[in-house]
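What's in model.cif: mmCIF, C-alpha atoms
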data_entry
loop_
_atom_site.label_atom_id
_atom_site.label_comp_id
_atom_site.auth_asym_id
_atom_site.auth_seq_id
_atom_site.Cartn_x
_atom_site.Cartn_y
_atom_site.Cartn_z
CA MET A 1 -53.22 -76.61 -115.31
CA ALA A 2 -55.81 -74.99 -113.01
CA PRO A 3 -54.74 -71.80 -111.17
CA HIS A 4 -55.10 -73.59 -107.82
CA SER A 5 -52.81 -76.43 -108.99
CA ARG A 6 -50.29 -73.94 -110.35
CA ARG A 7 -50.20 -72.16 -106.98
CA ILE A 8 -49.56 -75.46 -105.15
CA SER A 9 -46.90 -76.45 -107.68
CA GLY A 10 -45.21 -73.05 -107.33
CA LEU A 11 -45.28 -73.33 -103.55
CA LEU A 12 -43.63 -76.75 -103.66
CA VAL A 13 -40.89 -75.45 -105.94
CA ALA A 14 -40.33 -72.50 -103.62
CA LEU A 15 -40.07 -74.80 -100.63
CA ILE A 16 -37.59 -77.05 -102.40
CA LEU A 17 -35.47 -74.09 -103.51
CA SER A 18 -35.53 -72.51 -100.04
CA GLY A 19 -34.45 -75.83 -98.52
CA GLN A 20 -31.57 -76.00 -100.95
CA ALA A 21 -30.63 -72.40 -100.17
CA LEU A 22 -30.54 -73.16 -96.45
CA ALA A 23 -28.30 -76.20 -96.91
CA ASP A 24 -24.59 -75.43 -96.74
CA ASP A 25 -21.29 -77.30 -96.72
CA VAL A 26 -18.94 -77.07 -93.76
CA GLN A 27 -15.22 -77.77 -94.03
CA VAL A 28 -14.00 -79.50 -90.86
CA ALA A 29 -10.47 -80.36 -89.74
CA VAL A 30 -10.80 -83.42 -87.50
CA ALA A 31 -8.15 -85.00 -85.28
CA ALA A 32 -7.30 -88.46 -86.61
CA ASN A 33 -8.33 -90.21 -83.37
CA PHE A 34 -11.89 -88.94 -83.85
CA SER A 35 -12.37 -90.38 -87.35
CA ALA A 36 -14.87 -93.13 -86.53
CA PRO A 37 -17.17 -91.12 -84.26
CA MET A 38 -17.02 -88.11 -86.61
CA GLN A 39 -18.20 -90.21 -89.52
CA ALA A 40 -21.18 -91.38 -87.47
CA ILE A 41 -21.87 -87.84 -86.22
CA ALA A 42 -21.63 -86.40 -89.74
CA ARG A 43 -24.22 -88.87 -91.05
CA ALA A 44 -26.65 -88.06 -88.25
CA PHE A 45 -26.05 -84.30 -88.54
CA GLU A 46 -26.55 -84.31 -92.30
CA GLN A 47 -29.81 -86.23 -91.98
CA SER A 48 -31.18 -83.88 -89.34
CA SER A 49 -29.95 -80.57 -90.76
CA GLY A 50 -29.59 -80.96 -94.52
CA HIS A 51 -26.09 -79.49 -94.31
CA ARG A 52 -23.10 -81.42 -95.64
CA VAL A 53 -19.89 -82.13 -93.71
CA ILE A 54 -16.62 -82.18 -95.67
CA ALA A 55 -14.06 -83.59 -93.24
CA ALA A 56 -10.30 -83.93 -93.39
CA TYR A 57 -8.51 -86.12 -90.83
CA GLY A 58 -4.98 -85.65 -89.53
CA ALA A 59 -2.65 -84.51 -86.78
CA THR A 60 -3.69 -81.44 -84.81
CA GLY A 61 -0.25 -79.85 -85.10
CA GLN A 62 -0.36 -80.17 -88.87
CA PHE A 63 -3.82 -78.62 -88.98
CA TYR A 64 -2.53 -75.68 -86.96
CA ALA A 65 0.12 -75.01 -89.60
CA GLN A 66 -2.37 -75.44 -92.45
CA ILE A 67 -4.90 -73.05 -90.88
CA ASN A 68 -2.18 -70.43 -90.45
CA ASN A 69 -1.26 -70.93 -94.10
CA GLY A 70 -4.80 -70.18 -95.28
CA ALA A 71 -6.44 -73.64 -95.44
CA PRO A 72 -10.21 -73.29 -95.98
CA PHE A 73 -11.26 -75.04 -92.75
CA GLU A 74 -14.24 -73.55 -90.94
CA VAL A 75 -14.31 -75.79 -87.85
CA LEU A 76 -11.48 -77.47 -85.97
CA LEU A 77 -12.03 -80.58 -83.84
CA ALA A 78 -8.63 -80.88 -82.21
CA ALA A 79 -6.99 -83.67 -80.25
CA ASP A 80 -6.01 -81.22 -77.50
CA ASP A 81 -7.23 -78.03 -75.86
CA SER A 82 -4.08 -75.95 -76.33
CA THR A 83 -4.17 -75.68 -80.13
CA PRO A 84 -7.71 -74.26 -80.34
CA ALA A 85 -6.88 -71.86 -77.48
CA LYS A 86 -3.80 -70.70 -79.36
CA LEU A 87 -5.70 -70.20 -82.62
CA GLU A 88 -8.39 -68.27 -80.79
CA SER A 89 -5.83 -66.01 -79.13
CA GLU A 90 -4.13 -65.41 -82.48
CA GLY A 91 -7.35 -64.30 -84.13
CA ALA A 92 -7.87 -67.39 -86.30
CA GLY A 93 -10.84 -68.55 -84.21
CA VAL A 94 -14.11 -66.91 -83.19
CA PRO A 95 -13.88 -65.69 -79.57
CA GLY A 96 -16.08 -67.63 -77.15
CA SER A 97 -16.77 -70.52 -79.56
CA ARG A 98 -14.30 -72.98 -78.04
CA PHE A 99 -15.52 -75.92 -75.93
CA THR A 100 -14.47 -79.47 -74.99
CA TYR A 101 -16.34 -81.95 -77.15
CA ALA A 102 -14.58 -85.11 -75.86
CA VAL A 103 -11.98 -86.35 -73.39
CA GLY A 104 -9.90 -89.07 -75.00
CA ALA A 105 -8.46 -92.33 -73.71
CA LEU A 106 -5.25 -94.10 -74.70
CA ALA A 107 -4.82 -97.82 -75.34
CA LEU A 108 -1.84 -100.12 -75.76
CA TRP A 109 -2.95 -102.31 -78.63
CA SER A 110 -1.87 -105.33 -80.64
CA ALA A 111 -3.62 -106.75 -83.68
CA GLN A 112 -2.91 -110.20 -82.22
CA PRO A 113 -5.62 -111.54 -79.88
CA GLY A 114 -4.24 -112.34 -76.43
CA TYR A 115 -0.94 -110.53 -77.00
CA VAL A 116 -1.66 -107.59 -74.69
CA ASP A 117 -2.59 -108.47 -71.10
CA ALA A 118 -5.09 -106.59 -68.95
CA ALA A 119 -2.35 -104.70 -67.06
CA GLY A 120 -0.05 -103.83 -69.97
CA ALA A 121 2.80 -105.93 -68.53
CA VAL A 122 3.80 -106.89 -72.08
CA LEU A 123 5.57 -103.51 -72.26
CA LYS A 124 8.09 -104.72 -69.70
CA ASN A 125 9.16 -107.90 -71.45
CA ASP A 126 11.45 -108.29 -74.43
CA THR A 127 9.15 -110.14 -76.80
CA PHE A 128 8.37 -107.25 -79.14
CA ARG A 129 10.64 -105.52 -81.63
CA HIS A 130 8.60 -102.42 -82.46
CA LEU A 131 6.30 -100.10 -80.51
CA ALA A 132 4.32 -97.61 -82.57
CA ILE A 133 3.36 -94.15 -81.34
CA ALA A 134 2.15 -90.98 -83.00
CA ASN A 135 4.61 -88.11 -83.36
CA PRO A 136 4.59 -86.49 -79.89
CA GLN A 137 5.51 -83.11 -81.40
CA THR A 138 2.33 -82.83 -83.45
CA ALA A 139 -0.10 -85.44 -82.09
CA PRO A 140 -1.43 -85.18 -78.51
CA TYR A 141 -1.96 -88.95 -78.29
CA GLY A 142 1.72 -89.40 -79.13
CA LEU A 143 2.64 -86.99 -76.35
CA ALA A 144 0.41 -88.92 -73.95
CA ALA A 145 2.17 -92.16 -74.94
CA THR A 146 5.56 -90.68 -74.03
CA GLN A 147 4.14 -89.56 -70.69
CA VAL A 148 2.99 -93.12 -69.98
CA LEU A 149 6.42 -94.51 -70.78
CA ASP A 150 8.02 -91.92 -68.49
CA LYS A 151 5.64 -92.74 -65.63
CA LEU A 152 6.37 -96.46 -66.02
CA GLY A 153 10.13 -95.86 -66.19
CA LEU A 154 10.36 -97.48 -69.62
CA THR A 155 11.45 -94.57 -71.82
CA GLN A 156 15.07 -95.64 -72.27
CA ALA A 157 14.27 -99.35 -72.51
CA VAL A 158 11.82 -98.97 -75.39
CA LYS A 159 13.47 -96.05 -77.17
CA PRO A 160 15.28 -98.26 -79.76
CA LYS A 161 11.96 -99.95 -80.55
CA LEU A 162 9.86 -96.85 -81.18
CA VAL A 163 8.39 -96.21 -84.62
CA GLU A 164 6.60 -92.90 -85.09
CA GLY A 165 3.58 -92.23 -87.24
CA GLN A 166 2.73 -88.73 -88.44
CA ASN A 167 -0.56 -89.03 -86.57
CA ILE A 168 -2.51 -91.56 -84.54
CA ALA A 169 -4.08 -93.08 -87.68
CA GLN A 170 -0.62 -93.96 -89.02
CA ALA A 171 0.46 -95.35 -85.63
CA TYR A 172 -2.61 -97.58 -85.72
CA GLN A 173 -1.77 -98.66 -89.28
CA PHE A 174 1.74 -99.73 -88.26
CA VAL A 175 0.21 -102.16 -85.77
CA ALA A 176 -2.72 -103.26 -87.94
CA SER A 177 -0.34 -104.15 -90.78
CA GLY A 178 1.96 -106.16 -88.51
CA ASN A 179 4.93 -103.82 -88.95
CA ALA A 180 4.80 -103.24 -85.18
CA GLU A 181 3.65 -105.81 -82.65
CA LEU A 182 2.43 -103.12 -80.27
CA GLY A 183 1.32 -99.53 -80.40
CA PHE A 184 -0.22 -96.76 -78.37
CA VAL A 185 -3.42 -95.79 -80.16
CA ALA A 186 -6.59 -93.89 -79.34
CA LEU A 187 -9.01 -96.19 -77.55
CA SER A 188 -11.69 -95.08 -80.00
CA GLN A 189 -9.82 -96.79 -82.85
CA VAL A 190 -10.24 -100.25 -81.34
CA TYR A 191 -13.28 -99.88 -79.08
CA LYS A 192 -17.03 -99.74 -79.62
CA ASP A 193 -20.01 -100.21 -77.35
CA GLY A 194 -18.07 -101.33 -74.30
CA GLN A 195 -15.62 -103.77 -75.82
CA ILE A 196 -12.39 -104.09 -77.78
CA THR A 197 -13.37 -104.74 -81.38
CA GLN A 198 -10.13 -106.29 -82.66
CA GLY A 199 -6.91 -107.81 -81.37
CA SER A 200 -6.05 -107.23 -77.71
CA ALA A 201 -5.60 -104.04 -75.71
CA TRP A 202 -4.88 -102.47 -72.36
CA ARG A 203 -6.90 -99.36 -71.59
CA VAL A 204 -4.24 -97.09 -70.15
CA PRO A 205 -5.26 -95.62 -66.77
CA ALA A 206 -5.96 -91.90 -67.11
CA GLN A 207 -3.61 -91.03 -64.24
CA LEU A 208 -0.58 -92.15 -66.29
CA HIS A 209 -0.84 -89.16 -68.63
CA GLU A 210 -2.23 -85.65 -68.73
CA PRO A 211 -5.94 -85.46 -69.61
CA ILE A 212 -6.55 -85.53 -73.35
CA ARG A 213 -9.15 -82.78 -73.54
CA GLN A 214 -10.24 -82.31 -77.12
CA ASP A 215 -11.62 -78.88 -77.94
CA ALA A 216 -13.71 -77.66 -80.85
CA LEU A 217 -13.35 -74.19 -82.33
CA LEU A 218 -15.30 -72.17 -84.86
CA LEU A 219 -12.61 -70.80 -87.14
CA ALA A 220 -12.69 -67.30 -88.60
CA LYS A 221 -13.45 -68.64 -92.08
CA GLY A 222 -16.63 -70.27 -90.75
CA GLN A 223 -18.06 -67.47 -88.66
CA ASP A 224 -20.65 -66.54 -91.31
CA ASN A 225 -21.47 -70.11 -92.32
CA PRO A 226 -24.73 -71.37 -90.75
CA ALA A 227 -23.63 -74.98 -91.31
CA ALA A 228 -20.48 -74.45 -89.24
CA ARG A 229 -22.42 -73.01 -86.32
CA ALA A 230 -25.08 -75.71 -86.62
CA LEU A 231 -22.47 -78.47 -86.51
CA LEU A 232 -20.91 -77.08 -83.33
CA GLU A 233 -24.34 -76.77 -81.75
CA TYR A 234 -25.07 -80.37 -82.72
CA LEU A 235 -21.78 -81.50 -81.13
CA ARG A 236 -22.88 -79.92 -77.85
CA GLY A 237 -26.12 -81.91 -77.86
CA GLU A 238 -27.02 -85.19 -76.23
CA GLN A 239 -27.39 -87.16 -79.48
CA ALA A 240 -23.76 -86.45 -80.38
CA ALA A 241 -22.66 -87.07 -76.77
CA THR A 242 -24.24 -90.52 -76.84
CA LEU A 243 -22.40 -91.40 -80.05
CA ILE A 244 -19.12 -90.08 -78.67
CA ARG A 245 -19.39 -92.17 -75.47
CA THR A 246 -19.86 -95.38 -77.43
CA TYR A 247 -16.28 -94.99 -78.69
CA GLY A 248 -14.81 -94.76 -75.20
CA TYR A 249 -14.60 -90.99 -74.84
CA GLN A 250 -15.89 -89.03 -71.87
CA ARG A 251 -17.89 -85.80 -72.05
#
Please, can you express the file's structure as structure tokens?
Amino acid sequence: MAPHSRRISGLLVALILSGQALADDVQVAVAANFSAPMQAIARAFEQSSGHRVIAAYGATGQFYAQINNGAPFEVLLAADDSTPAKLESEGAGVPGSRFTYAVGALALWSAQPGYVDAAGAVLKNDTFRHLAIANPQTAPYGLAATQVLDKLGLTQAVKPKLVEGQNIAQAYQFVASGNAELGFVALSQVYKDGQITQGSAWRVPAQLHEPIRQDALLLAKGQDNPAARALLEYLRGEQAATLIRTYGYQR
């Protein structure tokens, strides 16, 4: 091989190796309600950055316990704003890294088309046996569901019918499987591009529950990981914001 060709070949190898060296994995704990948009965001982020997202989905309260017990998460995308604030104050998060990446919406949903009316009046009749919600102790969307029932004066009436999932994904599964006729789920689970994608749903008015502000936090384990910082920067950008809005969230 000619010296000139060898130099070009060596340069290409160096570029490939440097690209590989710059690519990192980032371990992300993601609130269950944000599963669908996060999968879309991760694909776009990986294509643009070369980094790889390794995501786990679950209840924010459970993630809090896992992080305190040494779980290797580097970024938290919570379903509330209080858990990231608490982790930051306790030293488990990087000071100043916390921000609101989405404001969530709640929906009363049935897998059956036409079952849920546009005003949610189905909650007040006696045609359903089970109403699924996420655990209000660990899942902010479950807490919001209990606030809606309180505001509507229905807490005692529906109490015998409640079935609790560990997180919002399990509450959704109860309804999707037919084990519950109705459930309070994250709007993002049944909504895309301006319409309900399956069954029937009532988009719960925001004034019936406290705002579901969802905060992101760079965790202490990720402070020296370029991929973790790059992901959070990407989440702040307009490309991610556009994806997030298509699932019914606000920014």
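Closest approach to Arg251 in chain A among A:Arg229, A:Lys151, A:Arg129, A:Arg213 is made by A:Arg213 (distances from only C-alpha atoms).
Reported to one decimal place, the separation of CA of Trp109 in chain A from CA of Ala134 in chain A is 13.2 Å.
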Next on the checklist: Given the PyMOL selection byres ((chain A and resi 176) around 12) and the file above, list the residues it selects as a PyMOL selection string.
Outcome noted: chain A and resi 109-113+132+169-175+177-185+189-190+198-200
Spatial neighbours of range 136-143 of chain A, max dist 9 Å, all atoms listed in the file, sep filter under 2 positions, as a PDB file with C-alpha atoms, in the frame of the given file:
ATOM      1  CA  ALA A  31      -8.150 -85.000 -85.280  1.00  0.00           C
ATOM      2  CA  ASN A  33      -8.330 -90.210 -83.370  1.00  0.00           C
ATOM      3  CA  GLY A  58      -4.980 -85.650 -89.530  1.00  0.00           C
ATOM      4  CA  ALA A  59      -2.650 -84.510 -86.780  1.00  0.00           C
ATOM      5  CA  THR A  60      -3.690 -81.440 -84.810  1.00  0.00           C
ATOM      6  CA  GLY A  61      -0.250 -79.850 -85.100  1.00  0.00           C
ATOM      7  CA  GLN A  62      -0.360 -80.170 -88.870  1.00  0.00           C
ATOM      8  CA  ALA A  79      -6.990 -83.670 -80.250  1.00  0.00           C
ATOM      9  CA  ASP A  80      -6.010 -81.220 -77.500  1.00  0.00           C
ATOM     10  CA  GLY A 104      -9.900 -89.070 -75.000  1.00  0.00           C
ATOM     11  CA  ALA A 105      -8.460 -92.330 -73.710  1.00  0.00           C
ATOM     12  CA  LEU A 106      -5.250 -94.100 -74.700  1.00  0.00           C
ATOM     13  CA  ILE A 133       3.360 -94.150 -81.340  1.00  0.00           C
ATOM     14  CA  ALA A 134       2.150 -90.980 -83.000  1.00  0.00           C
ATOM     15  CA  ALA A 145       2.170 -92.160 -74.940  1.00  0.00           C
ATOM     16  CA  THR A 146       5.560 -90.680 -74.030  1.00  0.00           C
ATOM     17  CA  GLN A 147       4.140 -89.560 -70.690  1.00  0.00           C
ATOM     18  CA  VAL A 148       2.990 -93.120 -69.980  1.00  0.00           C
ATOM     19  CA  GLU A 164       6.600 -92.900 -85.090  1.00  0.00           C
ATOM     20  CA  GLY A 165       3.580 -92.230 -87.240  1.00  0.00           C
ATOM     21  CA  GLN A 166       2.730 -88.730 -88.440  1.00  0.00           C
ATOM     22  CA  ASN A 167      -0.560 -89.030 -86.570  1.00  0.00           C
ATOM     23  CA  ILE A 168      -2.510 -91.560 -84.540  1.00  0.00           C
ATOM     24  CA  ALA A 171       0.460 -95.350 -85.630  1.00  0.00           C
ATOM     25  CA  PHE A 184      -0.220 -96.760 -78.370  1.00  0.00           C
ATOM     26  CA  VAL A 185      -3.420 -95.790 -80.160  1.00  0.00           C
ATOM     27  CA  ALA A 186      -6.590 -93.890 -79.340  1.00  0.00           C
ATOM     28  CA  HIS A 209      -0.840 -89.160 -68.630  1.00  0.00           C
ATOM     29  CA  ILE A 212      -6.550 -85.530 -73.350  1.00  0.00           C
TER      30      ILE A 212
END
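Counting all atoms listed in the file and comparing A:Leu154, A:Ala201, A:Leu131, A:Val75, the residue that lies closest to Ala92 in chain A is A:Val75.
Residues within 12 Å of Asn125 in chain A, counting all atoms listed in the file and excluding same-chain residues fewer than 3 positions away, are Tyr115, Val116, Asp117, Gly120, Ala121, Val122, Phe128, Arg129, Leu154, Ala157 and Val158 of chain A.
For the pair CA of Phe63 in chain A and CA of Ala78 in chain A, the interatomic distance is 8.6 Å.
The closest residue to Arg203 in chain A, picked from A:Gln47, A:Ala118, A:Ala220, A:Ser97 and counting all atoms listed in the file, is A:Ala118.
Checking A:Ala206, A:Ala55, A:Leu231, A:Leu123 one by one against Lys161 in chain A, counting only C-alpha atoms, you find the shortest gap at A:Leu123.
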Return as JSON the centre and edge lengths, in Å with one decimal, of the box along x, y and z that encloses every atom of range 46-61 of chain A in the file, padded by 3 Å per side.
{"center_x": -15.7, "center_y": -82.9, "center_z": -90.2, "size_x": 36.9, "size_y": 12.7, "size_z": 16.9}
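Separating CA of Glu238 in chain A from CA of Pro37 in chain A is a distance of 14.0 Å.
Proximity ranking of A:Asp25, A:Tyr249, A:Ala102, A:Glu210 relative to Leu235 in chain A places A:Ala102 first, based on only C-alpha atoms.
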